[in-house]
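Asks: What follows is a single structure, and I will ask about it in a moment.
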Protein chains: 2
Amino acid sequence: MSRQRWWGWGTDGHDGPLPEAGEALLAEELGLGTERTVLPALEELELPPSTLTDGARAKLEEIVGAGWVRDDHEARVLHSAGRSYPDLLALRSGELSHAPDAIVSPADHAEVLAVLGACADLDLAVIPFGGGTSVVGGVAPLAGEHGGAICLDLARLTGLLELDRRSGLARFGAGTFGPDAESELAAHGLTLGHHPQSFEFSTVGGWVATRSAGQGSTGYGRIDELVQGVRMAAPGGEVTTGSGPASAAGPDLRELLVGSEGTLGVLTEATLRVRPAPGATRYEALALPGFAAAVEALRGLAQAGAAATVTRLSDEEETRVNLAMSGSPRAAAALRAYLRARGLSQPCLLILGWEGATDAALRARREAGHRVLRDHAAISLGEKPGEAWAHSRFHGPYLRDELMSRRMLVDTLETAATWTDLLATYRAVGAALRSSLASRGTPALVGCHVSHLYPTGASLYFTFLARQEEGAELEQWQATKRAAGDALAAAGATITHHHAVGSDHAPWLPGEIGELGVDLLRAAKRTLDPTGIMNPGKLIDAAPLPS
Amino acid sequence: MSRQRWWGWGTDGHDGPLPEAGEALLAEELGLGTERTVLPALEELELPPSTLTDGARAKLEEIVGAGWVRDDHEARVLHSAGRSYPDLLALRSGELSHAPDAIVSPADHAEVLAVLGACADLDLAVIPFGGGTSVVGGVAPLAGEHGGAICLDLARLTGLLELDRRSGLARFGAGTFGPDAESELAAHGLTLGHHPQSFEFSTVGGWVATRSAGQGSTGYGRIDELVQGVRMAAPGGEVTTGSGPASAAGPDLRELLVGSEGTLGVLTEATLRVRPAPGATRYEALALPGFAAAVEALRGLAQAGAAATVTRLSDEEETRVNLAMSGSPRAAAALRAYLRARGLSQPCLLILGWEGATDAALRARREAGHRVLRDHAAISLGEKPGEAWAHSRFHGPYLRDELMSRRMLVDTLETAATWTDLLATYRAVGAALRSSLASRGTPALVGCHVSHLYPTGASLYFTFLARQEEGAELEQWQATKRAAGDALAAAGATITHHHAVGSDHAPWLPGEIGELGVDLLRAAKRTLDPTGIMNPGKLIDAAPLPS
Ligand SMILES: Cc1cc2nc3c(=O)[nH]c(=O)nc-3n(C[C@H](O)[C@H](O)[C@H](O)COP(=O)(O)OP(=O)(O)OC[C@H]3O[C@@H](n4cnc5c(N)ncnc54)[C@H](O)[C@@H]3O)c2cc1C
Ligand SMILES: Cc1cc2nc3c(=O)[nH]c(=O)nc-3n(C[C@H](O)[C@H](O)[C@H](O)COP(=O)(O)OP(=O)(O)OC[C@H]3O[C@@H](n4cnc5c(N)ncnc54)[C@H](O)[C@@H]3O)c2cc1C
């Protein structure tokens, strides 16, 4: 069940106006106006009528019980879209051309299997739905060639099913939301340590299905490094992988199921590596003199094994915009003045979040990190700005809603590249975003940060802002997305480091994995989902981006 | 090209008689006799005639050039088997019912692709051959349903093709042998750090194709953790994966190719993570009071991130036999006396190999490890026995040859399990090996060590020794293998942690990954190898173990 407001991020009570300095900056540089859009009322939204037949409903209710097959207006709206920019555009404009015909909520693995069997018989497409926070069109209820589309809400497959403390393994129901998973673990003094920015409203199954990365993935590892085993229910049957820590028994099928985005089957459980909750935590910020030099510092950290659990470097532009958008203009001004005095007129902000079993362990890690940073002219800014970041780490998406209400295009995209290719990729994508938007008469602010470090490379995460092109909001976004995706492909970088493919990135997948690679995915799909009912139009065989 | 003696391990000049104490132990406990078997001469071996037609030869020579298609007696013998116990039994007895019809040696990726196309047209099975050190029947030249079998020797696809120092990535030709790869890297001050016991005679491609683990994998990671990308040539075309450090662009196809054991296509290149060669190295040994307690110490090391690069714990029986087999009986006796004086009559030997960029870094790692070990009553034995282990780390296989010449059954098998399941698995497999061999009138010595640690579990590596059952050598081994494999399956442990599946472990694969899992592998095979010419009878659809 989506826990979110139907029209945007999260829950009520977290919204607020743009900070004054930020508003001024956007007005001056991008032409932000004063107009606010008005949201339609939930009841007014027009949905296509549900095509669910009485017979189909009866068959599904027989499996999951009455009350767990819904096709009321609210449920259909809440499951009609994810949280991508085009999703939000559609919701806000009340244009819901797709909505699921029904929302089915099975209670457990066996019910999922039975529902999939029934849907195959009924020729209904099935869209697995965790938290619905997909930013790539992953939960769009497309029926494809099928007679209808049901949303399979996994919110009842929840909770800590098994804990093996000794081995540090926890088996969770796929529909477990982030905060629930962490609080179950916290009761045992443990943590998973997986905190995507969408943490509060996304699920274990969604993370695994999309190869998600958390803000602390540099320390804890991406979800694909944390998952030891999965259980999948598919129309073709069931697959379970990974009872032990490692195996050489042929290809690793787990890696075929992880990241399959609901196109092969439903992940019903995941066994995840958990660790003792850290005894000590310390956030801090530093400033570095320019992105290229700062990236070298990150490389030093990563290759020395000395990176912090959270290691997050903003480029000059993101640093500048974030300072303007920060809630405390006085602190931001003081910071700017201090940095200018130290010769840094265009600083790059680095947030480090250190963790350790004990204070002493934390200190040892931090000292190793600072030894590397010292060689890269990093200036320490102390704990305050680090703590401020940690405090508001899940707040950003509310700002996006506010910006959209102010008729701004605001979106993000991300990739990863080797250390050798990182800066060229950074420049190419930034240039593509800027020139695409400028050419439409809507100049852009493009900021970028690095937030996931590997010994061989790192991620890049771009945020771009521009005035909406009124009447052509979607086309403006599509052109920009295409320019950025093409730039990524030309740079040889992946179309996505952690947001997954969905439908939005699907046009670039064949280029990235090759036609034979796509054929391998199709072959897996034919095996697990012979009639092609699982999440049509995502990952493979998606519709091309309109030109 | 196999670099090994046709009948056994490695090259001449490393053999020697059994150490006296070891010989006495085996005579007393297992009934080792004094007889030596006599090897047939290479020329005397009887091979089935090659079925390669002149037309096929011409077609293949057109691709690879004259001289690179061989079907002479010596070449066929050298490529007729791997180095498993049944392989060695067959070679030593001169019973070569299978030999490849020809050995084809392509020069590069393009030639591999062309050879595969030609073989598909000619209906010839293709067996990729790296070093031929497979211990699971992986290079057995089975033709399956096809008109003949050619061995595709990869020894010409060799060398360091590209080095990206900055990103720590090295692209190697698949046929590069271990020592050649390391010496190319050493010239740049780098190392891969992958040292399976077969290091000297196995190849990069073989490692990746089998998910191999090295003696230092606890520190460096298994080969599947070191490989960022692969290039595969298959009858159905070509697949390349992994240009960056991480991606969420759908399922990870690399993990479908890694471990595919030649059944999907030929890995022609692998891009591997490399690191600066360590500036400091230190081996040492400790003794622990009993295997169960010692395993707890290892768990402590692994979960604290404090394990040594090489961390290798022998159980009581392996410790006892290794001391007897060691070349220096005086040192062994002194050690035993010392340990008895310290109250350890049944010690477990722990070898630790520490590495660090500098002496200080090594010291810090070692201190962290020893802090954990101190809580587990470990007794330090100093550097000498550690160095002795490191010095002879690649020597063991020569001893196996000598034991076989003395009519001993000698084999190893390995698995992995979670920390929670490790001891039960250990006991079950040990019991199965002992009772299977005892029931045939050939009592066994069964030793075990743990050599690969993970936060969630560890590997187990068994060595078993018994008198050969004369006239029923193969049946004796088959019964033992079946008992051990069934015990692993019953314990829920993987049939192999790093030796791969080949044909010997294939009977247990469906139980481990499920029928639908096997169907996924078949579907991948149909896509990449539509006519099924790649390495028939391995991994999937292998012949059942005879009963
Ligand atoms: C504001 C915001 C911030 C974000 N920050 C991050 C971030 O920091 N890191 C990150 O990685 N991502 C981030 N995301 C993207 C998104 O949150 C992730 O992809 C997340 O993993 C999705 O989880 P979910 O439970 O919401 O899945 P959903 O959105 O419900 O589904 C995502 C995809 O997985 C499929 N799916 C879901 N559950 C299952 C299942 N059990 N079995 C099979 N298929 C399933 C769906 O069909 C869909 O294709 C962010 C998104 C937003 C809107
Ligand atoms: C004494 C001894 C000690 C050993 N110690 C270890 C150890 O410590 N750790 C460990 O992991 N293993 C060990 N092994 C097993 C073996 O050495 C490994 O499996 C090794 O990875 C095989 O490499 P190779 O080059 O010899 O491959 P081969 O034996 O030639 O081939 C192995 C399998 O891979 C396939 N293959 C080979 N190259 C390619 C390619 N380029 N593309 C596609 N398929 C290919 C073959 O068809 C075959 O199925 C040991 C073996 C012996 C005999």
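By order of appearance in the structure tokens: chains A, B, ..., then residues from 1 within every chain, and ligands from 1 in the order shown.
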Do you know which residues are at most 7 Å from region 500-514 of chain B counting only C-alpha atoms, after dropping those on the same chain fewer than 4 positions away, and could you put them as a list in words?

Replies: Val239, Thr241, Ala248, Ala249 and Gly250 of chain A; Val136, Gly137, Gly138, Thr210, Arg211, Thr494, Ile495, Thr496, Val518, Gly537, Lys538, Leu539, Ile540, Ala542, Pro544 and Leu545 of chain B

Asks: Please, which residues of chain A lie no more than 7 Å from chain B when the count uses only C-alpha atoms, and can they be set out as a compact mmCIF listing (two decimals) with N, CA, C and O atoms, in the first residue's frame?

Replies:
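Wrote it out as selection-v3.txt, contents follow:
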```
# COMPACT_ATOMS: atom_id res chain seq x y z
N ARG A 166 23.97 -15.13 14.50
CA ARG A 166 25.32 -15.66 14.42
C ARG A 166 25.95 -15.39 13.05
O ARG A 166 27.11 -15.04 12.94
N SER A 167 25.14 -15.63 12.02
CA SER A 167 25.64 -15.44 10.65
C SER A 167 25.40 -14.02 10.16
O SER A 167 25.85 -13.67 9.08
N GLY A 168 24.67 -13.23 10.93
CA GLY A 168 24.38 -11.86 10.49
C GLY A 168 23.45 -11.83 9.29
O GLY A 168 23.70 -11.11 8.32
N LEU A 169 22.39 -12.62 9.35
CA LEU A 169 21.46 -12.70 8.21
C LEU A 169 20.03 -12.50 8.69
O LEU A 169 19.62 -13.09 9.70
N THR A 210 15.33 -3.30 -7.84
CA THR A 210 15.90 -2.17 -8.61
C THR A 210 17.39 -1.99 -8.41
O THR A 210 17.96 -1.01 -8.90
N ARG A 211 18.06 -2.88 -7.65
CA ARG A 211 19.49 -2.69 -7.34
C ARG A 211 19.75 -1.32 -6.74
O ARG A 211 20.64 -0.57 -7.18
N VAL A 239 11.61 -19.84 -7.68
CA VAL A 239 13.06 -19.99 -7.62
C VAL A 239 13.55 -19.45 -6.28
O VAL A 239 13.15 -18.36 -5.87
N THR A 241 17.26 -18.78 -4.19
CA THR A 241 18.71 -18.80 -4.37
C THR A 241 19.40 -18.44 -3.07
O THR A 241 18.82 -17.79 -2.20
N GLY A 244 23.98 -20.07 1.17
CA GLY A 244 25.29 -19.91 1.82
C GLY A 244 25.97 -18.62 1.41
O GLY A 244 25.44 -17.86 0.61
N PRO A 245 27.16 -18.39 1.96
CA PRO A 245 27.84 -17.12 1.70
C PRO A 245 28.45 -17.02 0.30
O PRO A 245 28.67 -15.91 -0.18
N ALA A 246 28.73 -18.14 -0.34
CA ALA A 246 29.36 -18.10 -1.65
C ALA A 246 29.26 -19.47 -2.27
O ALA A 246 29.14 -20.47 -1.57
N SER A 247 29.30 -19.52 -3.59
CA SER A 247 29.19 -20.80 -4.28
C SER A 247 29.83 -20.68 -5.65
O SER A 247 29.90 -19.60 -6.23
N ALA A 248 30.32 -21.82 -6.16
CA ALA A 248 30.81 -21.87 -7.53
C ALA A 248 29.96 -22.82 -8.35
O ALA A 248 30.39 -23.35 -9.36
N ALA A 249 28.71 -23.01 -7.90
CA ALA A 249 27.83 -23.94 -8.61
C ALA A 249 27.20 -23.26 -9.82
O ALA A 249 26.00 -23.02 -9.87
N GLY A 250 28.04 -22.93 -10.78
CA GLY A 250 27.56 -22.35 -12.03
C GLY A 250 27.28 -20.87 -11.94
O GLY A 250 27.67 -20.21 -10.97
N PRO A 251 26.62 -20.33 -12.97
CA PRO A 251 26.26 -18.91 -12.97
C PRO A 251 25.47 -18.56 -11.71
O PRO A 251 24.81 -19.42 -11.13
N ASP A 252 25.54 -17.30 -11.29
CA ASP A 252 24.85 -16.89 -10.07
C ASP A 252 23.45 -16.39 -10.44
O ASP A 252 23.27 -15.24 -10.84
N LEU A 253 22.46 -17.27 -10.28
CA LEU A 253 21.10 -16.91 -10.69
C LEU A 253 20.51 -15.79 -9.85
O LEU A 253 19.62 -15.07 -10.30
N GLU A 255 21.76 -13.07 -9.27
CA GLU A 255 22.03 -11.80 -9.96
C GLU A 255 21.16 -11.60 -11.19
O GLU A 255 21.16 -10.53 -11.79
N LEU A 256 20.44 -12.65 -11.57
CA LEU A 256 19.47 -12.53 -12.65
C LEU A 256 18.13 -12.06 -12.09
O LEU A 256 17.35 -11.39 -12.78
N LEU A 257 17.85 -12.40 -10.85
CA LEU A 257 16.58 -12.04 -10.21
C LEU A 257 16.68 -10.65 -9.58
O LEU A 257 15.74 -9.85 -9.66
N VAL A 258 17.83 -10.38 -8.95
CA VAL A 258 18.06 -9.04 -8.39
C VAL A 258 18.11 -8.06 -9.57
O VAL A 258 18.79 -8.31 -10.56
N GLY A 259 17.38 -6.99 -9.48
CA GLY A 259 17.35 -6.01 -10.58
C GLY A 259 16.39 -6.37 -11.70
O GLY A 259 16.39 -5.72 -12.73
N SER A 260 15.54 -7.37 -11.48
CA SER A 260 14.65 -7.77 -12.58
C SER A 260 13.37 -6.92 -12.64
O SER A 260 12.57 -7.09 -13.55
N ALA A 416 27.39 5.84 -13.27
CA ALA A 416 28.68 5.52 -12.62
C ALA A 416 29.71 5.33 -13.72
O ALA A 416 29.36 4.98 -14.85
N ALA A 417 30.94 5.58 -13.39
CA ALA A 417 32.02 5.40 -14.37
C ALA A 417 33.31 5.09 -13.63
O ALA A 417 33.41 5.31 -12.41
N THR A 418 34.27 4.59 -14.35
CA THR A 418 35.59 4.36 -13.74
C THR A 418 36.19 5.71 -13.36
O THR A 418 35.81 6.76 -13.88
N TRP A 419 37.17 5.67 -12.48
CA TRP A 419 37.85 6.92 -12.10
C TRP A 419 38.42 7.60 -13.34
O TRP A 419 38.37 8.83 -13.46
N THR A 420 38.92 6.81 -14.27
CA THR A 420 39.51 7.39 -15.47
C THR A 420 38.47 8.11 -16.32
O THR A 420 38.76 9.15 -16.91
N TYR A 454 33.71 3.35 -5.25
CA TYR A 454 34.20 1.99 -5.43
C TYR A 454 35.70 2.09 -5.69
O TYR A 454 36.18 3.13 -6.14
N THR A 456 37.24 1.04 -8.13
CA THR A 456 37.52 1.27 -9.55
C THR A 456 36.78 2.47 -10.14
O THR A 456 36.98 2.79 -11.31
N GLY A 457 35.92 3.12 -9.38
CA GLY A 457 35.19 4.26 -9.92
C GLY A 457 34.17 4.79 -8.94
O GLY A 457 34.24 4.49 -7.74
N ALA A 458 33.22 5.55 -9.45
CA ALA A 458 32.24 6.18 -8.56
C ALA A 458 30.97 6.51 -9.33
O ALA A 458 30.92 6.44 -10.55
N ALA A 493 29.06 5.23 -20.35
CA ALA A 493 28.68 5.07 -18.93
C ALA A 493 27.30 4.43 -18.84
O ALA A 493 26.49 4.51 -19.77
N THR A 494 27.03 3.80 -17.72
CA THR A 494 25.75 3.11 -17.57
C THR A 494 24.59 4.11 -17.52
O THR A 494 24.73 5.22 -17.01
N ILE A 495 23.45 3.70 -18.04
CA ILE A 495 22.27 4.55 -18.06
C ILE A 495 21.72 4.75 -16.64
O ILE A 495 21.00 5.70 -16.38
N THR A 496 22.11 3.89 -15.71
CA THR A 496 21.65 4.07 -14.33
C THR A 496 22.53 3.33 -13.35
O THR A 496 22.84 2.15 -13.52
N HIS A 497 22.95 4.05 -12.33
CA HIS A 497 23.74 3.44 -11.25
C HIS A 497 22.86 2.84 -10.16
O HIS A 497 23.22 1.86 -9.52
N HIS A 498 21.68 3.44 -9.90
CA HIS A 498 20.82 2.86 -8.86
C HIS A 498 19.33 3.12 -9.03
O HIS A 498 18.54 2.62 -8.24
N HIS A 499 18.92 3.87 -10.04
CA HIS A 499 17.49 4.13 -10.19
C HIS A 499 16.75 3.05 -10.97
O HIS A 499 15.53 3.04 -11.01
N ALA A 500 17.47 2.17 -11.61
CA ALA A 500 16.90 1.08 -12.41
C ALA A 500 16.47 1.57 -13.79
O ALA A 500 16.71 2.74 -14.14
N VAL A 501 15.87 0.68 -14.55
CA VAL A 501 15.59 0.95 -15.97
C VAL A 501 14.13 1.37 -16.19
O VAL A 501 13.87 2.38 -16.82
N ILE A 513 23.78 -3.29 -22.99
CA ILE A 513 24.07 -4.73 -22.78
C ILE A 513 24.11 -5.51 -24.08
O ILE A 513 24.40 -6.70 -24.08
N GLY A 514 23.84 -4.84 -25.22
CA GLY A 514 23.91 -5.51 -26.51
C GLY A 514 22.62 -6.26 -26.82
O GLY A 514 21.86 -6.63 -25.92
N LEU A 516 22.30 -9.25 -27.89
CA LEU A 516 22.33 -10.61 -27.36
C LEU A 516 22.09 -10.60 -25.84
O LEU A 516 21.48 -11.52 -25.29
N GLY A 517 22.53 -9.53 -25.20
CA GLY A 517 22.22 -9.36 -23.78
C GLY A 517 20.72 -9.26 -23.57
O GLY A 517 20.16 -9.89 -22.66
N ASP A 519 18.50 -10.44 -25.53
CA ASP A 519 17.97 -11.79 -25.81
C ASP A 519 18.09 -12.70 -24.59
O ASP A 519 17.22 -13.54 -24.34
N LEU A 520 19.18 -12.53 -23.83
CA LEU A 520 19.32 -13.34 -22.61
C LEU A 520 18.22 -13.00 -21.61
O LEU A 520 17.66 -13.89 -20.96
N ALA A 523 15.04 -14.52 -22.82
CA ALA A 523 15.01 -15.97 -22.61
C ALA A 523 14.66 -16.28 -21.15
O ALA A 523 13.89 -17.20 -20.87
N ALA A 524 15.23 -15.50 -20.23
CA ALA A 524 14.88 -15.70 -18.82
C ALA A 524 13.40 -15.41 -18.61
O ALA A 524 12.70 -16.12 -17.89
N THR A 527 11.14 -18.15 -19.70
CA THR A 527 11.18 -19.29 -18.78
C THR A 527 10.32 -19.05 -17.55
O THR A 527 9.57 -19.93 -17.12
N LEU A 539 11.93 -2.42 -18.63
CA LEU A 539 13.23 -3.08 -18.78
C LEU A 539 13.47 -3.51 -20.23
O LEU A 539 14.33 -2.95 -20.90
```

Asks: Which residue is closest to ligand 1? Choose from A:Gly148, A:Gly386, A:Pro48, A:Gly265 and count only C-alpha atoms and all ligand atoms.

Replies: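 Closest to ligand 1, using only C-alpha atoms and all ligand atoms: A:Gly265.
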
Asks: With distances taken over only C-alpha atoms, which of B:Ala388, B:Leu433, B:Ala120, B:Leu445 is nearest to Leu32 (chain B)?

Replies: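 Counting only C-alpha atoms, the residue closest to Leu32 (chain B) is B:Leu445.
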
Asks: Which residues are near ligand 2 - at most 7 Å, using only C-alpha atoms and all ligand atoms? Format: as a ChimeraX atom specification.

Replies: /B:9,82-84,127-135,138-139,154,174-175,195-198,201-215,260-262,265-268,397,498-500,502,535

Asks: Could you list, as a list in words, every residue within 7 Å of Gly369 (chain B), counting only C-alpha atoms and ignoring same-chain residues fewer than 5 positions away?

Replies: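 Residues meeting the cut-off are Leu301, Ala306 and Ala307 of chain B.
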
Asks: Near region 68-75 of chain A, counting only C-alpha atoms, which residues have an atom at most 7 Å away, once you skip same-chain residues fewer than 5 positions from it, shown as a list of chain:residue names?

Replies: A:Glu61, A:Asp101, A:Ala102, A:Ile103, A:Val104, A:Ser105

Asks: Taking only C-alpha atoms into account, which of A:Met404, A:Cys119, A:Ala292, A:Leu163 comes nearest Val38 (chain A)?

Replies: A:Met404

Asks: Tell me which protein, DNA and RNA residues are within 9 Å of Leu349 (chain B), counting only C-alpha atoms, leaving out same-chain ones fewer than 6 positions away, and put them as a count of residues only.

Replies: 11

Asks: What residues in region 9-128 of chain B get the DSSP label helix (DSSP H, G or I)? Please answer as a ChimeraX atom specification.

Replies: /B:20-30,42-44,54-64,73-78,85-93,109-122

Asks: Take the residues from that selection and write them out as a compact mmCIF listing (two decimals), in the first residue's frame, keeping N, CA and C atoms.

Replies:
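Okay, this is what ended up in result_26.txt:
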```txt
# COMPACT_ATOMS: atom_id res chain seq x y z
N GLU B 20 59.13 -39.72 5.84
CA GLU B 20 59.12 -40.97 6.60
C GLU B 20 57.98 -41.06 7.61
N ALA B 21 57.79 -40.00 8.37
CA ALA B 21 56.76 -40.02 9.41
C ALA B 21 55.38 -40.16 8.79
N GLY B 22 55.20 -39.50 7.66
CA GLY B 22 53.92 -39.58 6.98
C GLY B 22 53.67 -40.98 6.46
N GLU B 23 54.70 -41.55 5.89
CA GLU B 23 54.58 -42.91 5.37
C GLU B 23 54.22 -43.88 6.49
N ALA B 24 54.86 -43.72 7.63
CA ALA B 24 54.59 -44.60 8.77
C ALA B 24 53.14 -44.43 9.23
N LEU B 25 52.69 -43.21 9.31
CA LEU B 25 51.31 -42.94 9.73
C LEU B 25 50.32 -43.60 8.78
N LEU B 26 50.55 -43.45 7.49
CA LEU B 26 49.61 -44.01 6.51
C LEU B 26 49.66 -45.53 6.52
N ALA B 27 50.85 -46.08 6.73
CA ALA B 27 50.97 -47.53 6.80
C ALA B 27 50.18 -48.05 8.01
N GLU B 28 50.37 -47.38 9.12
CA GLU B 28 49.73 -47.86 10.35
C GLU B 28 48.21 -47.67 10.31
N GLU B 29 47.78 -46.51 9.88
CA GLU B 29 46.36 -46.20 10.02
C GLU B 29 45.53 -46.60 8.81
N LEU B 30 46.14 -46.60 7.64
CA LEU B 30 45.35 -46.89 6.44
C LEU B 30 45.80 -48.16 5.72
N LEU B 42 53.89 -42.55 -22.81
CA LEU B 42 52.97 -41.69 -23.57
C LEU B 42 52.56 -42.34 -24.89
N GLU B 43 53.58 -42.92 -25.59
CA GLU B 43 53.33 -43.48 -26.91
C GLU B 43 52.39 -44.69 -26.84
N GLU B 44 52.39 -45.35 -25.70
CA GLU B 44 51.60 -46.58 -25.59
C GLU B 44 50.12 -46.35 -25.35
N ASP B 54 38.99 -34.21 -43.41
CA ASP B 54 39.89 -33.27 -44.10
C ASP B 54 39.19 -31.95 -44.35
N GLY B 55 37.88 -32.05 -44.67
CA GLY B 55 37.12 -30.83 -44.93
C GLY B 55 37.04 -29.96 -43.69
N ALA B 56 36.79 -30.58 -42.56
CA ALA B 56 36.68 -29.82 -41.32
C ALA B 56 38.03 -29.19 -40.98
N ARG B 57 39.07 -29.99 -41.12
CA ARG B 57 40.40 -29.46 -40.83
C ARG B 57 40.70 -28.24 -41.70
N ALA B 58 40.39 -28.37 -42.97
CA ALA B 58 40.67 -27.25 -43.89
C ALA B 58 39.91 -26.01 -43.46
N LYS B 59 38.66 -26.21 -43.09
CA LYS B 59 37.84 -25.07 -42.68
C LYS B 59 38.41 -24.40 -41.43
N LEU B 60 38.84 -25.21 -40.49
CA LEU B 60 39.40 -24.66 -39.25
C LEU B 60 40.75 -24.01 -39.50
N GLU B 61 41.57 -24.66 -40.34
CA GLU B 61 42.89 -24.08 -40.63
C GLU B 61 42.77 -22.75 -41.36
N GLU B 62 41.72 -22.65 -42.16
CA GLU B 62 41.48 -21.39 -42.85
C GLU B 62 41.33 -20.24 -41.84
N ILE B 63 40.75 -20.56 -40.71
CA ILE B 63 40.53 -19.52 -39.68
C ILE B 63 41.77 -19.27 -38.85
N VAL B 64 42.37 -20.33 -38.32
CA VAL B 64 43.45 -20.15 -37.34
C VAL B 64 44.83 -20.29 -37.94
N HIS B 73 49.21 -37.40 -31.59
CA HIS B 73 49.01 -38.20 -30.38
C HIS B 73 49.27 -37.40 -29.11
N GLU B 74 50.40 -36.72 -29.03
CA GLU B 74 50.76 -36.03 -27.79
C GLU B 74 49.76 -34.93 -27.47
N ALA B 75 49.44 -34.13 -28.47
CA ALA B 75 48.50 -33.03 -28.22
C ALA B 75 47.16 -33.57 -27.75
N ARG B 76 46.70 -34.64 -28.34
CA ARG B 76 45.39 -35.19 -27.94
C ARG B 76 45.44 -35.74 -26.52
N VAL B 77 46.56 -36.40 -26.16
CA VAL B 77 46.66 -36.89 -24.77
C VAL B 77 46.66 -35.72 -23.80
N LEU B 78 47.43 -34.69 -24.11
CA LEU B 78 47.57 -33.55 -23.19
C LEU B 78 46.26 -32.80 -22.99
N TYR B 85 40.77 -36.60 -9.54
CA TYR B 85 41.22 -37.96 -9.20
C TYR B 85 40.80 -38.96 -10.27
N PRO B 86 39.53 -38.97 -10.73
CA PRO B 86 39.20 -39.93 -11.81
C PRO B 86 39.95 -39.64 -13.11
N ASP B 87 40.22 -38.36 -13.40
CA ASP B 87 41.04 -38.03 -14.57
C ASP B 87 42.41 -38.69 -14.45
N LEU B 88 43.01 -38.54 -13.27
CA LEU B 88 44.36 -39.07 -13.09
C LEU B 88 44.35 -40.59 -13.09
N LEU B 89 43.30 -41.19 -12.52
CA LEU B 89 43.17 -42.66 -12.59
C LEU B 89 43.17 -43.12 -14.05
N ALA B 90 42.36 -42.41 -14.87
CA ALA B 90 42.24 -42.80 -16.27
C ALA B 90 43.58 -42.65 -16.99
N LEU B 91 44.24 -41.50 -16.79
CA LEU B 91 45.52 -41.27 -17.47
C LEU B 91 46.56 -42.31 -17.06
N ARG B 92 46.66 -42.54 -15.76
CA ARG B 92 47.67 -43.46 -15.25
C ARG B 92 47.43 -44.89 -15.70
N SER B 93 46.16 -45.20 -15.94
CA SER B 93 45.90 -46.57 -16.38
C SER B 93 45.89 -46.66 -17.90
N HIS B 109 40.05 -12.97 -30.22
CA HIS B 109 38.60 -13.02 -30.07
C HIS B 109 37.91 -13.30 -31.41
N ALA B 110 38.34 -12.61 -32.44
CA ALA B 110 37.68 -12.78 -33.75
C ALA B 110 37.84 -14.21 -34.25
N GLU B 111 39.01 -14.76 -34.07
CA GLU B 111 39.20 -16.15 -34.50
C GLU B 111 38.36 -17.12 -33.67
N VAL B 112 38.21 -16.83 -32.39
CA VAL B 112 37.35 -17.68 -31.56
C VAL B 112 35.93 -17.67 -32.12
N LEU B 113 35.42 -16.47 -32.37
CA LEU B 113 34.06 -16.35 -32.93
C LEU B 113 33.93 -17.16 -34.22
N ALA B 114 34.92 -17.02 -35.08
CA ALA B 114 34.86 -17.72 -36.36
C ALA B 114 34.93 -19.24 -36.17
N VAL B 115 35.79 -19.69 -35.27
CA VAL B 115 35.89 -21.13 -35.01
C VAL B 115 34.55 -21.66 -34.48
N LEU B 116 33.92 -20.89 -33.59
CA LEU B 116 32.64 -21.37 -33.04
C LEU B 116 31.59 -21.46 -34.14
N GLY B 117 31.59 -20.48 -35.03
CA GLY B 117 30.65 -20.53 -36.15
C GLY B 117 30.90 -21.75 -37.01
N ALA B 118 32.17 -22.00 -37.30
CA ALA B 118 32.52 -23.16 -38.14
C ALA B 118 32.11 -24.46 -37.45
N CYS B 119 32.38 -24.55 -36.14
CA CYS B 119 32.04 -25.78 -35.42
C CYS B 119 30.53 -25.99 -35.37
N ALA B 120 29.77 -24.91 -35.26
CA ALA B 120 28.32 -25.06 -35.31
C ALA B 120 27.91 -25.64 -36.66
N ASP B 121 28.50 -25.10 -37.73
CA ASP B 121 28.20 -25.62 -39.07
C ASP B 121 28.62 -27.08 -39.22
N LEU B 122 29.79 -27.40 -38.67
CA LEU B 122 30.34 -28.75 -38.82
C LEU B 122 29.77 -29.73 -37.81
```

Asks: Name the residues in contact with region 330-336 of chain B at a cut-off of 12 Å, using only C-alpha atoms, excluding same-chain residues fewer than 3 positions from it; report them as an MDAnalysis selection string.

Replies: chainID B and resid 19:22 285:287 319:327 339:349 379:382 384:385 388
